[in-house]
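Source file start-v5.pdb; content: PDB, C-alpha atoms, pLDDT in the B column.
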ATOM      1  CA  MET A   1       5.144   6.165   7.722  1.00 54.00           C
ATOM      2  CA  SER A   2       2.817   7.664   5.210  1.00 80.00           C
ATOM      3  CA  ALA A   3      -0.198   5.698   4.073  1.00 92.00           C
ATOM      4  CA  HIS A   4       0.933   4.560   0.651  1.00 94.00           C
ATOM      5  CA  CYS A   5       1.319   1.202  -1.060  1.00 96.00           C
ATOM      6  CA  MET A   6       4.828   0.128  -2.072  1.00 96.00           C
ATOM      7  CA  LEU A   7       3.547  -1.768  -5.135  1.00 96.00           C
ATOM      8  CA  THR A   8       0.601   0.156  -6.556  1.00 95.00           C
ATOM      9  CA  GLY A   9       1.553   3.587  -5.229  1.00 94.00           C
ATOM     10  CA  ALA A  10      -1.943   4.146  -3.799  1.00 96.00           C
ATOM     11  CA  GLN A  11      -1.967   7.292  -1.659  1.00 96.00           C
ATOM     12  CA  PRO A  12      -4.562   9.087   0.424  1.00 97.00           C
ATOM     13  CA  GLY A  13      -7.250  10.998  -1.422  1.00 96.00           C
ATOM     14  CA  PHE A  14      -8.676  14.219  -0.073  1.00 97.00           C
ATOM     15  CA  GLY A  15     -12.186  15.559  -0.041  1.00 98.00           C
ATOM     16  CA  ASN A  16     -14.822  17.109   2.164  1.00 98.00           C
ATOM     17  CA  ARG A  17     -17.041  15.885   4.966  1.00 97.00           C
ATOM     18  CA  ILE A  18     -20.481  17.300   4.381  1.00 97.00           C
ATOM     19  CA  SER A  19     -22.696  17.634   7.450  1.00 97.00           C
ATOM     20  CA  HIS A  20     -26.477  17.595   7.516  1.00 98.00           C
ATOM     21  CA  SER A  21     -26.452  21.404   7.377  1.00 98.00           C
ATOM     22  CA  HIS A  22     -24.109  21.097   4.358  1.00 97.00           C
ATOM     23  CA  ARG A  23     -21.058  22.637   6.041  1.00 98.00           C
ATOM     24  CA  ARG A  24     -17.860  21.305   4.528  1.00 98.00           C
ATOM     25  CA  THR A  25     -14.717  20.319   6.395  1.00 98.00           C
ATOM     26  CA  SER A  26     -11.614  18.585   5.087  1.00 98.00           C
ATOM     27  CA  ARG A  27     -11.213  14.830   5.295  1.00 97.00           C
ATOM     28  CA  ARG A  28      -8.821  12.201   4.062  1.00 96.00           C
ATOM     29  CA  PHE A  29      -9.544   8.862   2.369  1.00 96.00           C
ATOM     30  CA  ASP A  30      -6.716   6.510   3.377  1.00 96.00           C
ATOM     31  CA  PRO A  31      -6.009   3.343   1.384  1.00 96.00           C
ATOM     32  CA  ASN A  32      -6.311   0.060   3.274  1.00 96.00           C
ATOM     33  CA  ILE A  33      -2.604  -0.469   4.024  1.00 97.00           C
ATOM     34  CA  GLN A  34      -1.485  -3.776   5.539  1.00 96.00           C
ATOM     35  CA  SER A  35       1.989  -4.880   6.567  1.00 96.00           C
ATOM     36  CA  LYS A  36       2.719  -8.317   5.105  1.00 97.00           C
ATOM     37  CA  ARG A  37       5.759 -10.582   5.247  1.00 97.00           C
ATOM     38  CA  TYR A  38       6.760 -12.630   2.190  1.00 98.00           C
ATOM     39  CA  TRP A  39       9.504 -15.205   1.675  1.00 97.00           C
ATOM     40  CA  LEU A  40      11.813 -14.108  -1.151  1.00 97.00           C
ATOM     41  CA  PRO A  41      13.458 -17.328  -2.430  1.00 96.00           C
ATOM     42  CA  SER A  42      15.995 -15.600  -4.697  1.00 95.00           C
ATOM     43  CA  GLU A  43      17.556 -13.802  -1.712  1.00 95.00           C
ATOM     44  CA  GLY A  44      16.811 -16.470   0.894  1.00 97.00           C
ATOM     45  CA  ARG A  45      15.137 -14.051   3.281  1.00 97.00           C
ATOM     46  CA  TYR A  46      11.808 -12.577   4.301  1.00 98.00           C
ATOM     47  CA  VAL A  47      10.761  -9.115   3.162  1.00 97.00           C
ATOM     48  CA  ARG A  48       8.149  -7.032   4.951  1.00 97.00           C
ATOM     49  CA  LEU A  49       6.048  -4.944   2.574  1.00 97.00           C
ATOM     50  CA  ARG A  50       3.448  -2.262   3.254  1.00 97.00           C
ATOM     51  CA  LEU A  51       0.772  -3.017   0.678  1.00 97.00           C
ATOM     52  CA  SER A  52      -2.799  -2.031   0.014  1.00 97.00           C
ATOM     53  CA  THR A  53      -5.277  -4.892  -0.202  1.00 97.00           C
ATOM     54  CA  LYS A  54      -5.250  -4.457  -3.983  1.00 97.00           C
ATOM     55  CA  GLY A  55      -1.440  -4.757  -3.863  1.00 97.00           C
ATOM     56  CA  ILE A  56      -1.715  -8.011  -1.870  1.00 98.00           C
ATOM     57  CA  LYS A  57      -4.035  -9.441  -4.530  1.00 98.00           C
ATOM     58  CA  THR A  58      -1.577  -8.329  -7.221  1.00 97.00           C
ATOM     59  CA  VAL A  59       1.264 -10.180  -5.450  1.00 98.00           C
ATOM     60  CA  ASP A  60      -0.935 -13.289  -5.293  1.00 97.00           C
ATOM     61  CA  THR A  61      -1.487 -13.024  -9.060  1.00 97.00           C
ATOM     62  CA  ILE A  62       1.985 -12.151 -10.399  1.00 97.00           C
ATOM     63  CA  GLY A  63       4.148 -13.667  -7.652  1.00 97.00           C
ATOM     64  CA  ILE A  64       6.502 -12.140  -5.119  1.00 97.00           C
ATOM     65  CA  GLU A  65       9.568 -12.078  -7.399  1.00 97.00           C
ATOM     66  CA  ALA A  66       7.801 -10.022 -10.086  1.00 97.00           C
ATOM     67  CA  ALA A  67       6.245  -7.775  -7.442  1.00 97.00           C
ATOM     68  CA  VAL A  68       9.626  -7.039  -5.834  1.00 97.00           C
ATOM     69  CA  ALA A  69      11.048  -6.291  -9.289  1.00 97.00           C
ATOM     70  CA  ARG A  70       8.237  -3.769  -9.871  1.00 96.00           C
ATOM     71  CA  ILE A  71       8.770  -2.167  -6.464  1.00 96.00           C
ATOM     72  CA  ARG A  72      12.504  -1.822  -7.078  1.00 96.00           C
ATOM     73  CA  ALA A  73      11.836  -0.390 -10.567  1.00 95.00           C
ATOM     74  CA  ARG A  74       9.875   2.396  -8.836  1.00 91.00           C
ATOM     75  CA  GLY A  75      13.005   3.199  -6.812  1.00 92.00           C
ATOM     76  CA  VAL A  76      11.830   1.867  -3.461  1.00 90.00           C
ATOM     77  CA  ARG A  77      14.474   0.153  -1.337  1.00 92.00           C
ATOM     78  CA  ILE A  78      13.454  -3.171   0.213  1.00 89.00           C
TER      79      ILE A  78
END
Take the structure in the file and write it out as C-alpha coordinates.
Amino acid sequence: MSAHCMLTGAQPGFGNRISHSHRRTSRRFDPNIQSKRYWLPSEGRYVRLRLSTKGIKTVDTIGIEAAVARIRARGVRI
(Lines of atoms letter the chains of each structure in order from A and count residues from 1; the text may use other names and numbers.)
(Lines give C-alpha, C1' and ligand atoms only; values in the text may rest on other atoms or scores of the structure.)
Protein backbone atom coordinates (compact mmCIF):
# COMPACT_ATOMS: atom_id res chain seq x y z
CA MET A 1 0.00 0.00 0.00
CA SER A 2 1.07 3.53 -0.58
CA ALA A 3 2.00 5.70 2.37
CA HIS A 4 -1.07 7.88 2.65
CA CYS A 5 -3.58 8.63 5.39
CA MET A 6 -7.19 7.59 4.81
CA LEU A 7 -8.55 10.55 6.82
CA THR A 8 -6.27 13.52 6.20
CA GLY A 9 -4.95 12.45 2.80
CA ALA A 10 -1.34 13.05 3.88
CA GLN A 11 1.03 11.72 1.21
CA PRO A 12 4.79 11.50 0.84
CA GLY A 13 6.65 14.71 0.10
CA PHE A 14 9.70 14.76 -2.11
CA GLY A 15 12.92 16.69 -1.85
CA ASN A 16 16.68 16.35 -1.97
CA ARG A 17 19.31 14.87 0.29
CA ILE A 18 22.19 17.30 0.41
CA SER A 19 25.58 15.83 1.28
CA HIS A 20 28.48 17.64 2.91
CA SER A 21 29.90 18.34 -0.56
CA HIS A 22 26.45 19.70 -1.51
CA ARG A 23 25.61 16.99 -4.04
CA ARG A 24 21.87 16.49 -4.30
CA THR A 25 20.05 13.18 -4.58
CA SER A 26 16.33 12.49 -4.42
CA ARG A 27 14.63 11.53 -1.17
CA ARG A 28 11.14 10.99 0.10
CA PHE A 29 9.49 12.28 3.29
CA ASP A 30 6.92 9.65 4.31
CA PRO A 31 4.10 10.51 6.72
CA ASN A 32 3.99 8.54 9.97
CA ILE A 33 1.35 5.98 8.95
CA GLN A 34 -0.04 3.62 11.60
CA SER A 35 -2.59 0.84 11.22
CA LYS A 36 -5.26 1.20 13.90
CA ARG A 37 -8.40 -0.78 14.69
CA TYR A 38 -11.55 1.02 15.88
CA TRP A 39 -14.92 -0.30 17.02
CA LEU A 40 -17.69 1.13 14.83
CA PRO A 41 -20.88 0.91 16.95
CA SER A 42 -23.29 1.86 14.14
CA GLU A 43 -22.22 -1.19 12.10
CA GLY A 44 -21.38 -3.46 15.03
CA ARG A 45 -17.92 -4.29 13.74
CA TYR A 46 -14.28 -3.28 13.88
CA VAL A 47 -12.69 -1.26 11.10
CA ARG A 48 -8.96 -1.17 10.45
CA LEU A 49 -7.75 2.23 9.26
CA ARG A 50 -4.36 3.36 7.98
CA LEU A 51 -3.95 6.77 9.57
CA SER A 52 -1.18 9.26 10.13
CA THR A 53 -0.55 10.23 13.74
CA LYS A 54 -2.34 13.51 13.03
CA GLY A 55 -5.29 11.48 11.71
CA ILE A 56 -5.35 9.40 14.93
CA LYS A 57 -5.53 12.61 16.98
CA THR A 58 -8.33 13.86 14.73
CA VAL A 59 -10.32 10.65 15.36
CA ASP A 60 -9.81 11.13 19.10
CA THR A 61 -11.21 14.66 18.79
CA ILE A 62 -14.19 14.21 16.44
CA GLY A 63 -15.03 10.56 17.13
CA ILE A 64 -14.91 7.46 14.96
CA GLU A 65 -18.39 7.90 13.44
CA ALA A 66 -17.61 11.39 12.10
CA ALA A 67 -14.17 10.25 10.93
CA VAL A 68 -15.62 7.31 8.98
CA ALA A 69 -18.18 9.67 7.43
CA ARG A 70 -15.34 11.96 6.28
CA ILE A 71 -13.36 9.03 4.88
CA ARG A 72 -16.38 7.75 2.96
CA ALA A 73 -17.09 11.29 1.66
CA ARG A 74 -13.60 11.21 0.10
CA GLY A 75 -14.62 8.05 -1.77
CA VAL A 76 -12.54 5.57 0.19
CA ARG A 77 -14.14 2.18 0.80
CA ILE A 78 -13.89 0.85 4.36
Using the chain letters and residue numbers of this document, give as a ChimeraX atom specification the residues selected by the PyMOL selection byres ((chain A and resi 34) around 9). /A:5,32-33,35-36,49-53,56
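Atom pair CA of Val47 in chain A / CA of Thr8 in chain A: separated by 16.8 Å.
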Please expand the PyMOL selection byres ((chain A and resi 27) around 6) into the concrete residues it hits in this file, giving the result as a PDB file with C-alpha atoms, in the frame of the given file.
ATOM      1  CA  PHE A  14      -8.676  14.219  -0.073  1.00 97.00           C
ATOM      2  CA  GLY A  15     -12.186  15.559  -0.041  1.00 98.00           C
ATOM      3  CA  ASN A  16     -14.822  17.109   2.164  1.00 98.00           C
ATOM      4  CA  ARG A  17     -17.041  15.885   4.966  1.00 97.00           C
ATOM      5  CA  SER A  26     -11.614  18.585   5.087  1.00 98.00           C
ATOM      6  CA  ARG A  28      -8.821  12.201   4.062  1.00 96.00           C
TER       7      ARG A  28
END
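With only C-alpha atoms taken into account, the protein and nucleic acid residues at most 9 Å from Ala10 in chain A (excluding it and anything under 6 positions from it in its own chain) are Ala3, His4, Asp30, Pro31, Leu51, Ser52 and Gly55 of chain A.
Compared by their closest atoms to Arg74 in chain A, and using only C-alpha atoms, the residues A:Phe29, A:Ser2, A:Gly9, A:Gly44 rank with A:Gly9 nearest.
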Quick check, in Å to one decimal: how far apart do CA of Trp39 in chain A and CA of Thr61 in chain A lie?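 These two atoms are separated by 15.5 Å.
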Give me, please, the distance in Å between CA of Val59 in chain A and CA of Gly13 in chain A, quoted to one decimal. 23.2 Å
Nearest to Ala66 in chain A: which of A:His22, A:Lys54, A:Leu7, A:Arg37 is it, counting all atoms listed in the file? A:Leu7
Pick the closest to Gly75 in chain A from A:Gln11, A:Leu40, A:Arg24, A:Met6: which is it, counting only C-alpha atoms?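 Closest to Gly75 in chain A of all the choices is A:Met6.
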